[in-house]
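Working notes, beginning with the structure itself.
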Amino acid sequence: MRWNGVIQKYRSYLPFDEDVQIISLNEGNTPLIKADRLAEIIAPKANLQLYLKYEGLNPTGSFKDRGMTAAITQAVHEGAKTVICASTGNTAASAAAYAARAGLRCLVLVPEGKIALGKLAASLAYGAEVISIDGSFDDGLDMVREIVERQPIALVNSVNPWRLEGQKTGAFEIIDQLDGRSPDWHCLPVGNAGNISAYWMGYKQYDKGRPRILGGQAAGSAPIVTGKVVEKPETIATAIRIGNPARWRQALEALDESGGIITAVTDDDILASWNLLAKTEGVFVEPASATGIAALKQQIEMGAIDPTNKTAVCILTGHGLKDPGTAVAQATDPHTLPATIEALEKYLAGS
Ligand code: AN7
């Protein structure tokens with residue numbers, strides 16, 4: 001069967017009007033990759049069934065496309081000509097792409113110097129007006145929430161309920177890919193908390209079993225863990241450098257209702273899991289996307305999660321090519337050799 005995106009696939013679960021014109025880039029249908037080698041490292045001999053939901057394979061390279069197809073579709077339906085968002089980068093790239101496809105003007109506010117190169121490049125390429133502010137994501141979100149009160153502009157951050165409607169299809173897909181069963185644990189990074197809220201909505205609505213939710217926040221940007229707004233959030237995982245999540249309350253509901261856990265992991269933990277993912281499974285993600293793995297590893301080590309015979313799905317939210325700067329900075333330089341077969345043989349011999 002042809003795949004035409006998440007709205008067409010899950011239309012009966014989404015509250016669109018009959019006559020809506022779908023704006024899609026055929027997002028969704030991302031692979032659920034079994035990760036046996038990684039499972040054996042984070043939970044030795046426990047028969048943990050670990051799966052990676054590789055959302056970085058969406059059309060703009062992040063999970064945001066599921067929600068954006070819905071938000072832009074509805075914005076067009078309501079007659080919007082301009083859309084706006086604040087973003088740590090992935091929402092910006094996604095909004096820019098779907099707005100381009102719909103012929104809308106798109107403005108994105110990003111924190112100056114704190115947006116990964118691939119996200120900036122993509123937003124500009126798709127023709128968005130990229131506005132760099134000397135503040136955080138949270139400052140930008142305050143600005144865009146205010147401007148849409150004053151101007152006829154549609155807000156496409158995840159405070160827009162259509163974003164969650166589209167995003168929740170990730171939960172449907174996981175259950176479908178697991179042949180109708182829910183995992184025991186659903187692990188993911190938490191920034192503005194749209195994704196955690198949407199997944200929980202999706203699991204409840206699909207009604208084929210519910211996982212417990214494990215959310216990971218970066219230690220320097222962990223407002224939900226500490227219960228306090230973080231004025232100056234910091235982390236190498238710039239995607240989740242967010243101090244005052246818009247969907248905070250829904251995230252707490254998801255955690256509470258699912259018997260879940262939210263925990264903070266250090267940047268070192270995030271990078272260690274990021275490294276493991278790439279080097280043991282061949283799956284390259286941006287640093288924030290490794291936060292779910294880092295959280296699962298930590299909770300297993302602490303004895304808070306028993307992995308024995310359990311199924312866990314970790315959401316890998318963004319592609320590694322989003323943040324080439326961090327990847328290169330973490331790596332050793334390539335080897336340099338003369339362009340001769342002798343030099344290559346010498347290198348292979350280890351001299
Ligand atoms: C790779 O793009 O907030 O908890 O403005 O890009 O739903 O916010 C990105 C968030 C996780 C956190 N992983 O998801 C934005 C933005 C990646 C992300 C998150 C983001 P939410």
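Chain lettering (A, B, ...) mirrors the order of the structure tokens, residue numbering begins at 1 for each chain separately, and ligand numbering begins at 1 in order of display.
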
Per residue of region 163-276 of chain A within 12 Å of region 49-59 of chain A, record the nearest atom pair and its distance in Å to one decimal, counting only C-alpha atoms, with rows in chain order and ascending residue number, as a Markdown table.
| residue | atom | partner | partner_atom | distance |
| --- | --- | --- | --- | --- |
| A:Gln167 | CA | A:Glu55 | CA | 11.1 |
| A:Thr169 | CA | A:Glu55 | CA | 11.9 |
| A:Gly170 | CA | A:Lys53 | CA | 8.9 |
| A:Ala171 | CA | A:Lys53 | CA | 10.3 |
| A:Glu173 | CA | A:Lys53 | CA | 9.6 |
| A:Ile174 | CA | A:Lys53 | CA | 7.8 |
| A:Ile175 | CA | A:Lys53 | CA | 11.5 |
| A:Gln177 | CA | A:Lys53 | CA | 10.0 |
| A:Leu178 | CA | A:Tyr51 | CA | 9.8 |
| A:Ser182 | CA | A:Tyr51 | CA | 12.0 |
| A:Pro183 | CA | A:Gln49 | CA | 9.1 |
| A:Asp184 | CA | A:Gln49 | CA | 9.7 |
| A:Trp185 | CA | A:Leu50 | CA | 9.5 |
| A:His186 | CA | A:Tyr51 | CA | 9.7 |
| A:Cys187 | CA | A:Leu52 | CA | 9.7 |
| A:Leu188 | CA | A:Lys53 | CA | 9.9 |
| A:Asn195 | CA | A:Glu55 | CA | 11.7 |

- request: Could you pull out the residues in region 124-350 of chain A that DSSP calls strand (DSSP E) from the backbone, as number ranges by chain?
  value: A: 129-133, 154-155, 185-189, 212-218, 261-265, 311-316

Could you please take those selected residues and save C-alpha atoms as an mmCIF file, in the first residue's frame?
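See selection_2.cif below for the written result:
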data_model
loop_
_atom_site.group_PDB
_atom_site.id
_atom_site.type_symbol
_atom_site.label_atom_id
_atom_site.label_comp_id
_atom_site.auth_asym_id
_atom_site.auth_seq_id
_atom_site.Cartn_x
_atom_site.Cartn_y
_atom_site.Cartn_z
ATOM 1 C CA GLU A 129 12.306 34.173 7.670
ATOM 2 C CA VAL A 130 14.734 33.164 10.395
ATOM 3 C CA ILE A 131 14.833 35.630 13.268
ATOM 4 C CA SER A 132 17.658 35.153 15.714
ATOM 5 C CA ILE A 133 16.844 36.548 19.170
ATOM 6 C CA ALA A 154 -1.145 31.166 13.113
ATOM 7 C CA LEU A 155 1.045 29.789 15.903
ATOM 8 C CA TRP A 185 8.288 1.282 28.642
ATOM 9 C CA HIS A 186 8.212 4.254 26.304
ATOM 10 C CA CYS A 187 11.367 6.363 26.671
ATOM 11 C CA LEU A 188 11.909 9.801 25.193
ATOM 12 C CA PRO A 189 13.610 13.178 25.640
ATOM 13 C CA ARG A 212 4.813 3.424 31.323
ATOM 14 C CA ILE A 213 6.454 6.639 30.195
ATOM 15 C CA LEU A 214 10.085 7.405 30.969
ATOM 16 C CA GLY A 215 11.048 10.999 30.222
ATOM 17 C CA GLY A 216 14.623 12.251 30.168
ATOM 18 C CA GLN A 217 15.634 15.875 30.604
ATOM 19 C CA ALA A 218 19.132 17.290 30.336
ATOM 20 C CA ILE A 261 9.298 8.412 35.650
ATOM 21 C CA ILE A 262 10.971 11.681 34.725
ATOM 22 C CA THR A 263 14.670 11.959 35.349
ATOM 23 C CA ALA A 264 17.649 14.186 34.599
ATOM 24 C CA VAL A 265 20.721 12.931 32.788
ATOM 25 C CA THR A 311 9.847 -4.399 25.915
ATOM 26 C CA ALA A 312 11.102 -0.813 25.705
ATOM 27 C CA VAL A 313 10.806 1.653 22.850
ATOM 28 C CA CYS A 314 13.144 4.635 22.743
ATOM 29 C CA ILE A 315 12.107 7.550 20.551
ATOM 30 C CA LEU A 316 15.032 8.871 18.523
#

Could you build a table of the residues in chain A lying no more than 7 Å from ligand 1, giving for each the nearest pair of atoms and their separation in Å rounded to one decimal place, using only C-alpha atoms and all ligand atoms, ordered by chain and ascending residue number, as CSV?
residue,atom,partner,partner_atom_place_in_ligand_line,distance
A:Ser62,CA,ligand 1,1 (C),6.3
A:Ala86,CA,ligand 1,5 (O),6.1
A:Ser87,CA,ligand 1,5 (O),3.1
A:Thr88,CA,ligand 1,5 (O),3.9
A:Gly89,CA,ligand 1,2 (O),4.4
A:Asn90,CA,ligand 1,2 (O),3.6
A:Thr91,CA,ligand 1,2 (O),3.6
A:Ala92,CA,ligand 1,2 (O),6.1
A:Pro189,CA,ligand 1,11 (C),5.0
A:Val190,CA,ligand 1,4 (O),3.8
A:Gly191,CA,ligand 1,4 (O),3.5
A:Asn192,CA,ligand 1,8 (O),3.4
A:Ala193,CA,ligand 1,4 (O),3.3
A:Gly194,CA,ligand 1,7 (O),3.6
A:Asn195,CA,ligand 1,7 (O),3.7
A:Ile196,CA,ligand 1,4 (O),6.2
A:Ala239,CA,ligand 1,6 (O),4.3
A:Ile240,CA,ligand 1,19 (C),5.3
A:Glu286,CA,ligand 1,1 (C),6.4
A:Ala288,CA,ligand 1,13 (N),5.1
A:Ser289,CA,ligand 1,13 (N),5.1
A:Thr317,CA,ligand 1,1 (C),4.5
A:Gly318,CA,ligand 1,1 (C),4.2

Show me, as JSON lines, the residues of region 203-295 of chain A having an atom within 10 Å of region 139-146 of chain A, each with the closest atom pair and its distance in Å, using only C-alpha atoms.
{"residue": "A:Glu231", "atom": "CA", "partner": "A:Asp139", "partner_atom": "CA", "distance": 9.9}
{"residue": "A:Ile242", "atom": "CA", "partner": "A:Asp139", "partner_atom": "CA", "distance": 9.9}
{"residue": "A:Gly243", "atom": "CA", "partner": "A:Asp139", "partner_atom": "CA", "distance": 9.8}
{"residue": "A:Asn244", "atom": "CA", "partner": "A:Asp139", "partner_atom": "CA", "distance": 9.6}
{"residue": "A:Pro245", "atom": "CA", "partner": "A:Leu141", "partner_atom": "CA", "distance": 9.7}
{"residue": "A:Ala246", "atom": "CA", "partner": "A:Leu141", "partner_atom": "CA", "distance": 8.7}

query: Tell me, which residues of region 206-283 of chain A carry DSSP helix (DSSP H, G or I), written as a PyMOL selection string?
result: chain A and resi 206+219-221+223-226+238-240+248-258+267-281

Next, the residues of the selection above should be written as a short mmCIF file (atom, residue, chain, number, x, y, z; two decimals), in the first residue's frame with N, CA, C and O atoms.
data_model
loop_
_atom_site.label_atom_id
_atom_site.label_comp_id
_atom_site.auth_asym_id
_atom_site.auth_seq_id
_atom_site.Cartn_x
_atom_site.Cartn_y
_atom_site.Cartn_z
N TYR A 206 -5.83 5.01 21.22
CA TYR A 206 -5.75 3.78 20.41
C TYR A 206 -6.30 2.60 21.20
O TYR A 206 -6.85 1.66 20.64
N ALA A 219 20.31 17.57 32.45
CA ALA A 219 20.46 18.05 33.83
C ALA A 219 20.45 19.58 33.94
O ALA A 219 19.91 20.12 34.90
N GLY A 220 21.00 20.25 32.95
CA GLY A 220 21.04 21.72 32.99
C GLY A 220 19.76 22.38 32.52
O GLY A 220 19.66 23.62 32.50
N SER A 221 18.79 21.57 32.13
CA SER A 221 17.51 22.09 31.60
C SER A 221 16.40 21.14 32.04
O SER A 221 15.67 20.62 31.21
N PRO A 223 13.45 21.41 34.22
CA PRO A 223 12.42 22.03 35.07
C PRO A 223 11.38 21.04 35.61
O PRO A 223 10.94 21.17 36.75
N ILE A 224 11.03 20.05 34.79
CA ILE A 224 9.96 19.14 35.24
C ILE A 224 10.50 18.21 36.34
O ILE A 224 9.78 17.88 37.28
N VAL A 225 11.76 17.88 36.23
CA VAL A 225 12.38 17.02 37.26
C VAL A 225 12.48 17.77 38.60
O VAL A 225 12.15 17.23 39.65
N THR A 226 12.92 19.02 38.51
CA THR A 226 13.14 19.78 39.75
C THR A 226 11.88 20.50 40.23
O THR A 226 11.83 20.95 41.37
N THR A 238 21.10 21.00 22.41
CA THR A 238 20.42 22.30 22.25
C THR A 238 18.93 22.15 21.93
O THR A 238 18.15 23.05 22.23
N ALA A 239 18.54 21.04 21.34
CA ALA A 239 17.12 20.82 21.02
C ALA A 239 16.24 20.90 22.26
O ALA A 239 15.10 21.35 22.18
N ILE A 240 16.78 20.48 23.39
CA ILE A 240 15.97 20.44 24.62
C ILE A 240 16.47 21.44 25.66
O ILE A 240 16.33 21.26 26.86
N TRP A 248 3.91 21.45 30.26
CA TRP A 248 4.36 20.94 31.56
C TRP A 248 3.25 20.13 32.25
O TRP A 248 3.45 19.00 32.70
N ARG A 249 2.06 20.74 32.34
CA ARG A 249 0.96 20.09 33.07
C ARG A 249 0.57 18.75 32.42
O ARG A 249 0.42 17.73 33.11
N GLN A 250 0.47 18.73 31.09
CA GLN A 250 0.12 17.47 30.41
C GLN A 250 1.22 16.42 30.58
O GLN A 250 0.93 15.24 30.65
N ALA A 251 2.47 16.89 30.65
CA ALA A 251 3.57 15.94 30.85
C ALA A 251 3.42 15.28 32.22
O ALA A 251 3.57 14.05 32.35
N LEU A 252 3.08 16.06 33.22
CA LEU A 252 2.90 15.50 34.57
C LEU A 252 1.73 14.51 34.58
O LEU A 252 1.80 13.47 35.22
N GLU A 253 0.69 14.85 33.84
CA GLU A 253 -0.45 13.92 33.73
C GLU A 253 -0.04 12.59 33.10
O GLU A 253 -0.42 11.52 33.59
N ALA A 254 0.73 12.69 32.02
CA ALA A 254 1.19 11.47 31.34
C ALA A 254 2.03 10.61 32.28
O ALA A 254 1.89 9.38 32.32
N LEU A 255 2.90 11.27 33.03
CA LEU A 255 3.77 10.55 33.96
C LEU A 255 2.95 9.92 35.07
O LEU A 255 3.14 8.75 35.42
N ASP A 256 2.02 10.68 35.58
CA ASP A 256 1.20 10.20 36.68
C ASP A 256 0.29 9.05 36.23
O ASP A 256 0.28 7.97 36.81
N GLU A 257 -0.44 9.28 35.15
CA GLU A 257 -1.40 8.27 34.69
C GLU A 257 -0.73 6.98 34.24
O GLU A 257 -1.31 5.91 34.33
N SER A 258 0.49 7.09 33.72
CA SER A 258 1.16 5.89 33.19
C SER A 258 2.03 5.20 34.25
O SER A 258 2.62 4.16 33.95
N ASP A 267 24.99 15.87 30.56
CA ASP A 267 25.45 15.94 29.17
C ASP A 267 26.41 14.78 28.86
O ASP A 267 26.39 14.23 27.75
N ASP A 268 27.23 14.41 29.82
CA ASP A 268 28.14 13.27 29.61
C ASP A 268 27.36 11.98 29.37
O ASP A 268 27.72 11.17 28.51
N ASP A 269 26.30 11.78 30.15
CA ASP A 269 25.44 10.60 29.95
C ASP A 269 24.80 10.62 28.56
O ASP A 269 24.70 9.60 27.87
N ILE A 270 24.34 11.79 28.17
CA ILE A 270 23.69 11.93 26.86
C ILE A 270 24.69 11.58 25.75
O ILE A 270 24.39 10.80 24.85
N LEU A 271 25.88 12.13 25.86
CA LEU A 271 26.89 11.88 24.82
C LEU A 271 27.34 10.42 24.82
O LEU A 271 27.60 9.85 23.76
N ALA A 272 27.40 9.81 25.99
CA ALA A 272 27.79 8.40 26.06
C ALA A 272 26.74 7.54 25.35
O ALA A 272 27.09 6.62 24.58
N SER A 273 25.48 7.83 25.56
CA SER A 273 24.42 7.05 24.89
C SER A 273 24.37 7.34 23.40
O SER A 273 24.13 6.45 22.58
N TRP A 274 24.61 8.58 23.06
CA TRP A 274 24.67 9.01 21.65
C TRP A 274 25.76 8.22 20.91
O TRP A 274 25.56 7.71 19.80
N ASN A 275 26.90 8.09 21.59
CA ASN A 275 28.04 7.36 21.06
C ASN A 275 27.72 5.87 20.91
O ASN A 275 28.00 5.25 19.88
N LEU A 276 27.11 5.30 21.93
CA LEU A 276 26.74 3.88 21.92
C LEU A 276 25.79 3.56 20.77
O LEU A 276 25.95 2.57 20.06
N LEU A 277 24.80 4.42 20.62
CA LEU A 277 23.81 4.22 19.56
C LEU A 277 24.48 4.14 18.20
O LEU A 277 24.17 3.25 17.39
N ALA A 278 25.34 5.09 17.93
CA ALA A 278 26.00 5.13 16.62
C ALA A 278 26.96 3.96 16.46
O ALA A 278 27.01 3.33 15.41
N LYS A 279 27.73 3.68 17.51
CA LYS A 279 28.83 2.71 17.35
C LYS A 279 28.42 1.27 17.58
O LYS A 279 29.11 0.36 17.12
N THR A 280 27.30 1.04 18.27
CA THR A 280 26.88 -0.37 18.42
C THR A 280 25.67 -0.73 17.57
O THR A 280 25.41 -1.90 17.34
N GLU A 281 24.93 0.28 17.10
CA GLU A 281 23.74 -0.04 16.30
C GLU A 281 23.75 0.61 14.93
O GLU A 281 22.87 0.36 14.11
#
